[in-house]
>>> print(open('start.txt').read())   # compact mmCIF, C-alpha atoms and all ligand atoms
# COMPACT_ATOMS: atom_id res chain seq x y z
CA MET A 1 0.00 0.00 0.00
CA ASP A 2 1.63 3.23 -1.09
CA GLU A 3 1.43 6.68 0.50
CA GLN A 4 -1.72 7.51 -1.46
CA GLY A 5 -3.45 4.32 -0.30
CA ASN A 6 -3.12 2.40 -3.59
CA VAL A 7 -2.51 -1.32 -3.27
CA ASP A 8 -0.53 -3.76 -5.37
CA GLN A 9 -3.25 -6.23 -6.34
CA ALA A 10 -0.79 -8.89 -7.56
CA ASN A 11 0.79 -9.14 -4.10
CA PHE A 12 -2.34 -8.52 -2.04
CA PRO A 13 -2.70 -11.25 0.62
CA LYS A 14 -5.47 -13.74 0.01
CA GLY A 15 -8.14 -13.64 2.66
CA LEU A 16 -7.43 -10.07 3.77
CA THR A 17 -10.85 -8.44 3.51
CA ASP A 18 -11.63 -4.74 3.66
CA GLN A 19 -13.63 -5.41 6.83
CA LYS A 20 -10.47 -6.76 8.40
CA ILE A 21 -8.52 -3.70 7.24
CA VAL A 22 -11.16 -1.51 8.94
CA GLU A 23 -10.61 -3.48 12.14
CA MET A 24 -6.84 -3.12 11.82
CA TYR A 25 -7.19 0.58 11.11
CA LYS A 26 -9.21 1.02 14.32
CA TYR A 27 -6.42 -0.68 16.25
CA MET A 28 -3.86 1.65 14.67
CA LEU A 29 -5.92 4.61 15.89
CA PHE A 30 -6.33 2.98 19.30
CA ALA A 31 -2.58 2.45 19.63
CA ARG A 32 -1.88 6.07 18.76
CA ALA A 33 -4.55 7.31 21.17
CA LEU A 34 -3.12 5.13 23.94
CA ASP A 35 0.34 6.51 23.19
CA ALA A 36 -0.86 10.10 23.45
CA LYS A 37 -2.56 9.33 26.77
CA MET A 38 0.56 7.67 28.18
CA LEU A 39 2.69 10.64 27.21
CA SER A 40 0.28 13.03 28.84
CA LEU A 41 0.08 10.92 32.04
CA GLN A 42 3.85 10.71 32.20
CA ARG A 43 4.20 14.46 31.83
CA GLN A 44 1.76 14.93 34.70
CA GLY A 45 3.75 12.58 36.92
CA ARG A 46 1.03 9.91 36.71
CA ALA A 47 3.13 7.34 34.82
CA ALA A 48 6.76 6.24 34.85
CA THR A 49 9.17 6.14 31.89
CA TYR A 50 7.38 5.19 28.69
CA ALA A 51 8.57 4.27 25.18
CA PRO A 52 6.18 5.75 22.59
CA LEU A 53 5.20 3.77 19.50
CA ILE A 54 3.91 6.59 17.30
CA GLY A 55 4.96 5.99 13.68
CA GLU A 56 5.29 2.22 14.17
CA GLU A 57 1.58 1.34 14.09
CA ALA A 58 1.64 -0.52 10.75
CA THR A 59 4.56 -2.69 11.86
CA GLN A 60 2.84 -3.57 15.13
CA ILE A 61 -0.80 -3.92 14.11
CA GLY A 62 -0.03 -5.52 10.72
CA SER A 63 2.09 -8.22 12.35
CA ALA A 64 -0.21 -8.68 15.37
CA PHE A 65 -3.15 -9.48 13.10
CA ALA A 66 -1.14 -12.26 11.46
CA LEU A 67 -0.71 -14.10 14.78
CA ARG A 68 -3.07 -16.96 15.51
CA ASN A 69 -4.23 -17.60 19.09
CA GLN A 70 -1.78 -20.47 19.49
CA ASP A 71 1.20 -18.35 18.43
CA VAL A 72 3.36 -16.99 21.22
CA PHE A 73 4.14 -13.26 21.35
CA VAL A 74 7.57 -12.33 22.75
CA PRO A 75 7.93 -8.53 22.98
CA ASN A 76 10.63 -6.07 23.81
CA PHE A 77 9.43 -2.80 25.38
CA ARG A 78 7.70 -0.91 22.55
CA GLN A 79 4.98 -3.24 21.20
CA HIS A 80 2.02 -1.64 22.95
CA GLY A 81 -0.03 -2.05 19.76
CA VAL A 82 0.48 -5.81 19.80
CA PHE A 83 -0.55 -5.91 23.48
CA LEU A 84 -3.79 -4.17 22.47
CA VAL A 85 -4.55 -6.65 19.70
CA ARG A 86 -3.78 -9.55 22.08
CA ASN A 87 -6.44 -8.10 24.43
CA PHE A 88 -4.08 -7.25 27.26
CA PRO A 89 -6.25 -5.61 29.97
CA LEU A 90 -5.90 -1.86 29.59
CA ASP A 91 -5.97 -1.12 33.32
CA ASN A 92 -3.06 -3.53 33.81
CA PHE A 93 -1.25 -1.75 31.01
CA PHE A 94 -1.50 1.55 32.89
CA ILE A 95 -0.56 -0.08 36.21
CA TYR A 96 2.53 -1.59 34.62
CA TRP A 97 3.69 1.66 33.04
CA LYS A 98 3.16 3.43 36.36
CA GLY A 99 6.02 1.25 37.50
CA TYR A 100 4.17 -1.59 39.24
CA GLU A 101 5.02 -5.15 38.25
CA ASP A 102 1.52 -6.26 39.27
CA GLY A 103 0.28 -4.76 35.99
CA GLY A 104 2.58 -7.05 34.06
CA LYS A 105 0.66 -10.18 34.99
CA MET A 106 -0.40 -12.01 31.86
CA PRO A 107 -4.00 -13.11 31.47
CA GLU A 108 -4.37 -16.89 30.98
CA ASN A 109 -5.10 -16.70 27.25
CA PHE A 110 -2.58 -13.95 26.45
CA ASN A 111 -0.01 -16.45 25.23
CA GLY A 112 2.95 -14.12 25.47
CA THR A 113 5.84 -13.12 27.68
CA ALA A 114 6.42 -9.98 29.74
CA VAL A 115 7.79 -6.64 28.56
CA CYS A 116 11.55 -7.05 28.19
CA VAL A 117 13.78 -4.01 28.66
CA PRO A 118 17.28 -5.55 28.45
CA VAL A 119 17.89 -5.16 24.73
CA ALA A 120 17.66 -8.41 22.67
CA THR A 121 17.56 -10.74 25.68
CA GLN A 122 14.03 -11.74 24.63
CA LEU A 123 15.39 -13.35 21.47
CA PRO A 124 17.08 -16.44 22.95
CA HIS A 125 13.88 -16.91 24.99
CA ALA A 126 11.80 -16.71 21.81
CA THR A 127 13.99 -19.25 20.05
CA GLY A 128 13.91 -21.51 23.09
CA ILE A 129 10.11 -21.39 23.27
CA ALA A 130 9.93 -22.12 19.53
CA PHE A 131 12.33 -25.04 19.97
CA ALA A 132 10.11 -26.42 22.74
CA LEU A 133 6.93 -26.03 20.64
CA LYS A 134 8.58 -27.97 17.84
CA HIS A 135 9.75 -30.64 20.25
CA MET A 136 6.15 -31.00 21.48
CA ASN A 137 4.82 -31.20 17.89
CA LYS A 138 2.61 -28.15 18.38
CA ASP A 139 1.13 -26.30 15.44
CA ALA A 140 2.32 -22.92 16.72
CA ALA A 141 4.97 -20.32 16.05
CA VAL A 142 6.69 -17.68 18.16
CA VAL A 143 6.65 -14.09 16.96
CA THR A 144 9.21 -11.84 18.58
CA TYR A 145 10.34 -8.23 18.13
CA VAL A 146 13.66 -6.44 18.28
CA GLY A 147 14.82 -2.93 17.37
CA ASP A 148 17.44 -1.99 14.78
CA GLY A 149 19.87 -1.40 17.66
CA GLY A 150 19.08 -4.81 19.12
CA THR A 151 20.38 -6.50 15.97
CA SER A 152 23.93 -5.54 17.01
CA GLU A 153 23.70 -7.60 20.20
CA GLY A 154 25.25 -11.02 20.63
CA ASP A 155 21.89 -12.37 21.74
CA PHE A 156 20.46 -11.54 18.32
CA TYR A 157 23.06 -13.60 16.44
CA GLU A 158 22.95 -16.46 18.93
CA ALA A 159 19.16 -16.67 18.76
CA LEU A 160 19.17 -16.65 14.96
CA ASN A 161 21.96 -19.19 14.74
CA PHE A 162 20.27 -21.62 17.10
CA ALA A 163 16.92 -21.14 15.37
CA GLY A 164 18.53 -21.86 12.00
CA VAL A 165 20.27 -25.04 13.12
CA TRP A 166 17.16 -26.44 14.82
CA LYS A 167 14.66 -25.00 12.35
CA ALA A 168 12.78 -23.51 15.28
CA PRO A 169 9.38 -22.04 14.34
CA VAL A 170 10.23 -18.45 15.23
CA VAL A 171 9.54 -15.23 13.34
CA VAL A 172 11.89 -12.43 14.33
CA ILE A 173 10.51 -9.01 13.46
CA ILE A 174 13.02 -6.19 13.37
CA GLU A 175 11.19 -2.98 14.11
CA ASN A 176 13.76 -0.82 12.33
CA ASN A 177 12.68 2.64 13.45
CA GLN A 178 16.02 4.16 12.29
CA TRP A 179 17.23 5.07 15.78
CA ALA A 180 18.58 3.31 18.86
CA ILE A 181 18.15 6.18 21.30
CA SER A 182 20.62 8.66 19.68
CA VAL A 183 22.47 6.16 17.46
CA PRO A 184 21.24 6.35 13.85
CA ARG A 185 20.80 3.29 11.67
CA SER A 186 23.81 4.42 9.55
CA LYS A 187 26.12 4.10 12.58
CA GLN A 188 24.54 0.88 13.85
CA THR A 189 25.99 -1.46 11.22
CA ALA A 190 27.79 -1.39 7.88
CA ALA A 191 25.37 -4.05 6.60
CA GLN A 192 23.29 -2.71 3.73
CA THR A 193 20.09 -4.12 5.20
CA LEU A 194 19.21 -5.69 8.53
CA ALA A 195 17.26 -8.42 6.74
CA GLN A 196 20.46 -9.73 5.20
CA LYS A 197 21.66 -10.80 8.64
CA ALA A 198 19.44 -13.83 8.02
CA ILE A 199 21.85 -15.08 5.35
CA ALA A 200 24.66 -15.79 7.80
CA ALA A 201 22.25 -17.81 9.95
CA GLY A 202 21.04 -19.74 6.91
CA ILE A 203 17.44 -18.66 7.37
CA LYS A 204 14.91 -16.71 5.31
CA GLY A 205 15.18 -12.93 5.41
CA VAL A 206 12.67 -10.38 4.14
CA GLN A 207 12.66 -6.59 4.10
CA VAL A 208 9.30 -4.81 3.97
CA ASP A 209 8.03 -1.26 4.18
CA GLY A 210 7.16 -1.18 7.86
CA ASN A 211 4.73 1.71 7.29
CA ASP A 212 2.70 -0.48 4.95
CA LEU A 213 0.09 -2.34 6.98
CA VAL A 214 -0.68 -4.83 4.20
CA ALA A 215 2.97 -5.67 3.47
CA VAL A 216 3.73 -6.29 7.14
CA TYR A 217 0.61 -8.43 7.51
CA LYS A 218 1.53 -10.47 4.44
CA ALA A 219 5.19 -10.97 5.38
CA THR A 220 4.26 -12.07 8.91
CA SER A 221 1.41 -14.37 7.78
CA ASP A 222 3.68 -16.02 5.20
CA ALA A 223 6.43 -16.49 7.78
CA ILE A 224 4.02 -18.00 10.32
CA ALA A 225 2.56 -20.34 7.68
CA ASP A 226 6.08 -21.49 6.85
CA ALA A 227 7.34 -21.62 10.46
CA LYS A 228 7.10 -25.43 10.56
CA ASN A 229 9.94 -25.41 8.02
CA GLY A 230 12.07 -22.97 10.00
CA PRO A 231 12.54 -19.37 11.09
CA THR A 232 12.18 -16.09 9.18
CA LEU A 233 13.74 -12.72 9.87
CA ILE A 234 11.57 -9.79 8.80
CA GLU A 235 12.97 -6.26 8.70
CA CYS A 236 10.18 -3.69 8.89
CA VAL A 237 11.52 -0.33 7.76
CA THR A 238 9.67 2.29 9.76
CA TYR A 239 10.36 5.39 11.83
CA ARG A 240 10.26 6.40 15.49
CA MET A 241 8.32 9.65 15.08
CA SER A 242 8.71 10.63 18.73
CA MET A 243 11.29 10.31 21.49
CA HIS A 244 13.06 7.07 22.43
CA THR A 245 11.40 7.23 25.83
CA THR A 246 10.00 10.03 27.94
CA ALA A 247 13.54 10.41 29.35
CA ASP A 248 14.92 11.39 25.94
CA ASP A 249 15.04 14.60 23.89
CA PRO A 250 15.51 13.73 20.19
CA THR A 251 15.86 17.39 19.14
CA LYS A 252 19.42 17.11 20.51
CA TYR A 253 20.49 14.66 17.82
CA ARG A 254 18.19 14.67 14.78
CA SER A 255 16.77 17.25 12.42
CA GLU A 256 13.19 18.43 12.07
CA GLU A 257 13.46 17.88 8.31
CA GLU A 258 14.09 14.19 8.84
CA VAL A 259 11.06 13.85 11.11
CA ASP A 260 8.89 15.82 8.66
CA GLU A 261 9.95 13.59 5.81
CA TRP A 262 8.77 10.54 7.71
CA LYS A 263 5.58 12.21 8.87
CA ARG A 264 4.63 12.34 5.20
CA LYS A 265 4.89 8.54 5.20
CA ASP A 266 2.53 8.22 8.17
CA PRO A 267 1.32 4.60 8.29
CA ILE A 268 -2.15 5.62 9.50
CA ALA A 269 -2.76 8.20 6.76
CA ARG A 270 -2.33 5.73 3.93
CA VAL A 271 -4.78 3.18 5.37
CA LYS A 272 -7.28 5.99 5.89
CA ALA A 273 -6.81 7.06 2.25
CA TYR A 274 -7.34 3.47 1.07
CA LEU A 275 -10.50 2.90 3.14
CA THR A 276 -11.97 6.33 2.37
CA LYS A 277 -11.49 5.85 -1.38
CA LYS A 278 -13.29 2.51 -1.19
CA GLY A 279 -16.16 3.96 0.86
CA PHE A 280 -15.37 1.97 3.99
CA TRP A 281 -14.44 4.95 6.15
CA ASN A 282 -15.53 8.54 6.73
CA ASP A 283 -15.09 11.40 9.20
CA ASP A 284 -18.14 10.44 11.27
CA MET A 285 -16.74 6.95 11.79
CA GLU A 286 -13.38 8.44 12.71
CA LYS A 287 -14.99 10.70 15.31
CA GLN A 288 -17.16 7.94 16.76
CA THR A 289 -14.19 5.56 16.98
CA ALA A 290 -12.03 8.19 18.69
CA ASP A 291 -14.78 8.88 21.25
CA GLU A 292 -15.27 5.18 22.03
CA GLN A 293 -11.56 4.55 22.35
CA LEU A 294 -10.99 7.57 24.56
CA LYS A 295 -13.80 6.41 26.84
CA LYS A 296 -12.20 2.97 27.18
CA ILE A 297 -8.83 4.55 27.87
CA ASP A 298 -10.19 6.96 30.47
CA GLU A 299 -12.09 4.20 32.27
CA ALA A 300 -8.96 2.05 32.38
CA VAL A 301 -6.86 4.94 33.73
CA GLU A 302 -9.44 5.57 36.44
CA LYS A 303 -9.40 1.91 37.45
CA ALA A 304 -5.60 1.76 37.34
CA GLU A 305 -5.26 4.83 39.54
CA GLN A 306 -7.26 3.10 42.27
CA PHE A 307 -4.70 0.33 42.40
CA LYS A 308 -2.78 0.27 45.68
CA PRO A 309 0.54 -1.53 45.35
CA ASP A 310 1.89 -3.69 48.13
CA PRO A 311 5.34 -2.18 48.82
CA LYS A 312 6.67 -5.68 49.44
CA SER A 313 6.15 -6.51 45.77
CA MET A 314 9.17 -4.35 44.96
CA PHE A 315 11.33 -6.90 46.79
CA GLU A 316 9.33 -10.03 46.14
CA ASN A 317 9.53 -9.84 42.35
CA VAL A 318 13.33 -9.80 42.20
CA TYR A 319 14.22 -13.32 43.33
CA SER A 320 12.26 -16.58 43.54
CA PHE A 321 13.28 -16.55 47.21
CA ILE A 322 14.21 -13.42 49.16
CA PRO A 323 17.81 -13.34 50.41
CA GLU A 324 18.17 -12.55 54.13
CA THR A 325 19.76 -9.11 53.58
CA LEU A 326 16.99 -8.04 51.23
CA LYS A 327 14.37 -9.34 53.63
CA GLU A 328 15.83 -7.18 56.40
CA GLU A 329 15.63 -4.16 54.13
CA MET A 330 12.07 -5.00 53.17
CA ASP A 331 10.90 -5.50 56.76
CA ALA A 332 12.61 -2.29 57.88
CA GLY A 333 11.10 -0.32 55.03
CA VAL A 334 7.59 -1.64 55.50
CA ALA A 335 7.76 -1.24 59.28
CA ALA A 336 8.97 2.36 58.96
CA ASP A 337 5.87 3.32 56.99
CA PHE A 338 8.30 4.64 54.45
CA TRP A 339 5.68 4.12 51.78
CA GLN A 340 2.85 6.18 53.20
C1 LIG B 401 21.47 -4.82 27.15
C2 LIG B 401 21.03 -3.39 27.18
N1 LIG B 401 21.87 -2.44 26.81
C3 LIG B 401 21.47 -1.13 26.81
C4 LIG B 401 20.20 -0.80 27.21
C5 LIG B 401 19.73 0.65 27.18
N2 LIG B 401 18.84 0.79 26.04
C6 LIG B 401 17.50 0.68 26.15
S1 LIG B 401 16.72 0.80 24.69
C7 LIG B 401 18.18 1.04 23.87
C8 LIG B 401 18.21 1.26 22.39
C9 LIG B 401 17.42 0.24 21.67
O1 LIG B 401 17.33 0.61 20.31
P1 LIG B 401 16.59 -0.32 19.30
O2 LIG B 401 17.02 -1.72 19.49
O3 LIG B 401 16.75 0.28 17.95
O4 LIG B 401 15.07 -0.27 19.77
P2 LIG B 401 14.11 1.02 19.85
O5 LIG B 401 14.33 1.61 21.21
O6 LIG B 401 14.49 1.95 18.75
O7 LIG B 401 12.73 0.49 19.70
C10 LIG B 401 19.25 1.01 24.74
C11 LIG B 401 20.66 1.16 24.36
C12 LIG B 401 19.34 -1.85 27.62
N3 LIG B 401 18.08 -1.61 27.98
N4 LIG B 401 19.77 -3.14 27.57
MG MG B 402 15.43 1.52 16.95
>>> encode(input="start.txt", output="structure tokens")
Amino acid sequence: MDEQGNVDQANFPKGLTDQKIVEMYKYMLFARALDAKMLSLQRQGRAATYAPLIGEEATQIGSAFALRNQDVFVPNFRQHGVFLVRNFPLDNFFIYWKGYEDGGKMPENFNGTAVCVPVATQLPHATGIAFALKHMNKDAAVVTYVGDGGTSEGDFYEALNFAGVWKAPVVVIIENNQWAISVPRSKQTAAQTLAQKAIAAGIKGVQVDGNDLVAVYKATSDAIADAKNGPTLIECVTYRMSMHTTADDPTKYRSEEEVDEWKRKDPIARVKAYLTKKGFWNDDMEKQTADEQLKKIDEAVEKAEQFKPDPKSMFENVYSFIPETLKEEMDAGVAADFWQ
């Protein structure tokens, strides 16, 4: 799907209906609305550090829609859009990003792992889960995400190598948003593409326009369908339109012109153009959808803000058992009403 919302019929995925694209489009809007809310909460001191997704909606929603229920989702720290599609409870989402681990609890049917901040450490886990699924003869794949920066980590190469040797059913999606905090893609690697890193591991590698919802959906669906034969690496070329996290100021290291250039490639605008042209979308629907989504978001924030954390959870979630020294600290802290 190009920037004007025209699609390439010859490569259009079979079974992708316009009704489904409407549904995906609504999720793209939802993800962006959630992002805006998180940013505003963080700026008011009502949320902790947050990594915005704005600009990366097609990569996240397009791939998330390709996952089947039995497929396991292994995120890093920026896939809030995939969490939405996987029906992660919104109030838990807000609790988590307020800094409370309690919000990170996965619902039974979520079929995914927790947010993972240490860069690329999720990848060996993803490959390991995929290896186990294969060993158990399950008809399921693992879909995992990593940033452009993450592809320079040892964990990335080790995960790909192992997956290649064992033909583990894992799909590794590189969310190449052009920046790793202040390090640009050009300084990240001399490799011409990130997709070509698949070659060394002897696995399939694909590069797609990560701002093209349909291309991402197709690449991910194809990779999942073929996962029983081995892994695929998909590079989604997209752009981080906002800051790395709320602790970052991108104006210090990149130009406004660059951001403007990518804003013209907005992944949401082209889906809107496509659906509007075909008569599946209009301004009234946009307004109604925004109102409904905002209501859901506001209700979830209200619920999340009533959550009272148990101060002990700060200690209890670190080790499977609490070492004596930490226990002393915990008891002293709780007893001193430090938390009130
Ligand atoms: C192992 C490790 N090293 C460094 C960091 C600090 N850090 C957090 S995110 C990040 C950059 C990640 O960039 P990229 O992989 O492109 O993902 P993006 O943030 O752009 O989504 C760094 C260096 C970390 N969390 N973990
Ligand atoms: Mg990046």
>>> closest_atom_pairs(input="start.txt", of="chain A", to="ligand MG 402 (chain B)", cutoff="8 Å", atoms="only C-alpha atoms and all ligand atoms", output="tab-separated table")
residue	atom	partner	partner_atom	distance
A:Gly147	CA	B:MG402	MG	4.5
A:Asp148	CA	B:MG402	MG	4.6
A:Gly149	CA	B:MG402	MG	5.4
A:Gly150	CA	B:MG402	MG	7.6
A:Glu175	CA	B:MG402	MG	6.8
A:Asn176	CA	B:MG402	MG	5.4
A:Asn177	CA	B:MG402	MG	4.6
A:Gln178	CA	B:MG402	MG	5.4
A:Trp179	CA	B:MG402	MG	4.1
A:Ala180	CA	B:MG402	MG	4.1
A:Ile181	CA	B:MG402	MG	6.9
A:Arg185	CA	B:MG402	MG	7.7
A:Arg240	CA	B:MG402	MG	7.3
>>> axis_aligned_box(input="start.txt", around="ligand LIG 401 (chain B)", padding_each_side="6 Å", output="AutoDock Vina command-line options")
--center_x 17.3 --center_y -1.4 --center_z 23.0 --size_x 21.1 --size_y 18.8 --size_z 22.0
>>> residues_around(input="start.txt", residues="Ala51 (chain A)", least_positions_apart="4", cutoff="9 Å", atoms="all atoms listed in the file", output="PyMOL selection string")
chain A and resi 35+39+77-78+243-247
>>> closest_residue(input="start.txt", among="A:Gly210, A:Gly81, A:Gly15, A:Gly154", to="ligand LIG 401 (chain B)", atoms="all atoms listed in the file")
A:Gly154
>>> atom_distance(input="start.txt", atom1="CA of Glu305 (chain A)", atom2="CA of Ser242 (chain A)")
25.7 Å
>>> atom_distance(input="start.txt", atom1="CA of Ala120 (chain A)", atom2="CA of Asn161 (chain A)")
14.1 Å
>>> atom_distance(input="start.txt", atom1="CA of Pro184 (chain A)", atom2="atom N4 of ligand LIG 401 (chain B)")
16.7 Å
>>> closest_residue(input="start.txt", among="A:Met1, A:Ile322, A:Leu294, A:Val214", to="Ser63 (chain A)", atoms="only C-alpha atoms")
A:Val214
>>> closest_residue(input="start.txt", among="A:Asp249, A:Asp139, A:Glu261, A:Glu56", to="Ala168 (chain A)", atoms="only C-alpha atoms")
A:Asp139
>>> closest_residue(input="start.txt", among="A:His80, A:Lys303, A:Lys14, A:Lys204", to="ligand LIG 401 (chain B)", atoms="only C-alpha atoms and all ligand atoms")
A:His80
>>> residues_around(input="start.txt", residues="Lys37 (chain A)", least_positions_apart="3", cutoff="9 Å", atoms="all atoms listed in the file", output="list in words")
Arg32, Ala33, Leu34, Ser40, Leu41, Gln42, Leu294, Ile297 and Asp298 of chain A
>>> residues_around(input="start.txt", residues="Asn111 (chain A)", least_positions_apart="6", cutoff="8 Å", atoms="only C-alpha atoms", output="list of chain:residue names")
A:Asn69, A:Gln70, A:Asp71, A:Val72, A:Phe73
>>> write_last_selection(input="start.txt", atoms="C-alpha atoms", output="PDB file, keeping the file's coordinate frame")
ATOM      1  CA  ASN A  69      -4.230 -17.600  19.090  1.00  0.00           C
ATOM      2  CA  GLN A  70      -1.780 -20.470  19.490  1.00  0.00           C
ATOM      3  CA  ASP A  71       1.200 -18.350  18.430  1.00  0.00           C
ATOM      4  CA  VAL A  72       3.360 -16.990  21.220  1.00  0.00           C
ATOM      5  CA  PHE A  73       4.140 -13.260  21.350  1.00  0.00           C
TER       6      PHE A  73
END
>>> closest_residue(input="start.txt", among="A:Phe110, A:Ala159, A:Gly104, A:Gln9", to="Pro124 (chain A)", atoms="all atoms listed in the file")
A:Ala159
>>> residues_around(input="start.txt", residues="Val208 (chain A)", least_positions_apart="5", cutoff="9 Å", atoms="all atoms listed in the file", output="PDB file with C-alpha atoms, keeping the file's coordinate frame")
ATOM      1  CA  ALA A 215       2.970  -5.670   3.470  1.00  0.00           C
ATOM      2  CA  VAL A 216       3.730  -6.290   7.140  1.00  0.00           C
ATOM      3  CA  ALA A 219       5.190 -10.970   5.380  1.00  0.00           C
ATOM      4  CA  ILE A 234      11.570  -9.790   8.800  1.00  0.00           C
ATOM      5  CA  GLU A 235      12.970  -6.260   8.700  1.00  0.00           C
ATOM      6  CA  CYS A 236      10.180  -3.690   8.890  1.00  0.00           C
ATOM      7  CA  VAL A 237      11.520  -0.330   7.760  1.00  0.00           C
TER       8      VAL A 237
END
>>> closest_residue(input="start.txt", among="A:Arg46, A:Lys272, A:Lys296, A:Lys277", to="Lys26 (chain A)", atoms="all atoms listed in the file")
A:Lys272
>>> residues_near_point(input="start.txt", point="(-4.0, -6.6, 34.8)", cutoff="7 Å", atoms="only C-alpha atoms", output="PyMOL selection string")
chain A and resi 89+91-93+103-105
>>> residues_around(input="start.txt", residues="region 229-231 of chain A", least_positions_apart="6", cutoff="8 Å", atoms="only C-alpha atoms", output="ChimeraX atom specification")
/A:163-164,166-172,203-204,223
>>> residues_near_point(input="start.txt", point="(16.3, -5.8, 6.4)", cutoff="6 Å", atoms="all atoms listed in the file", output="VMD selection string")
chain A and resid 193 to 196 207 235
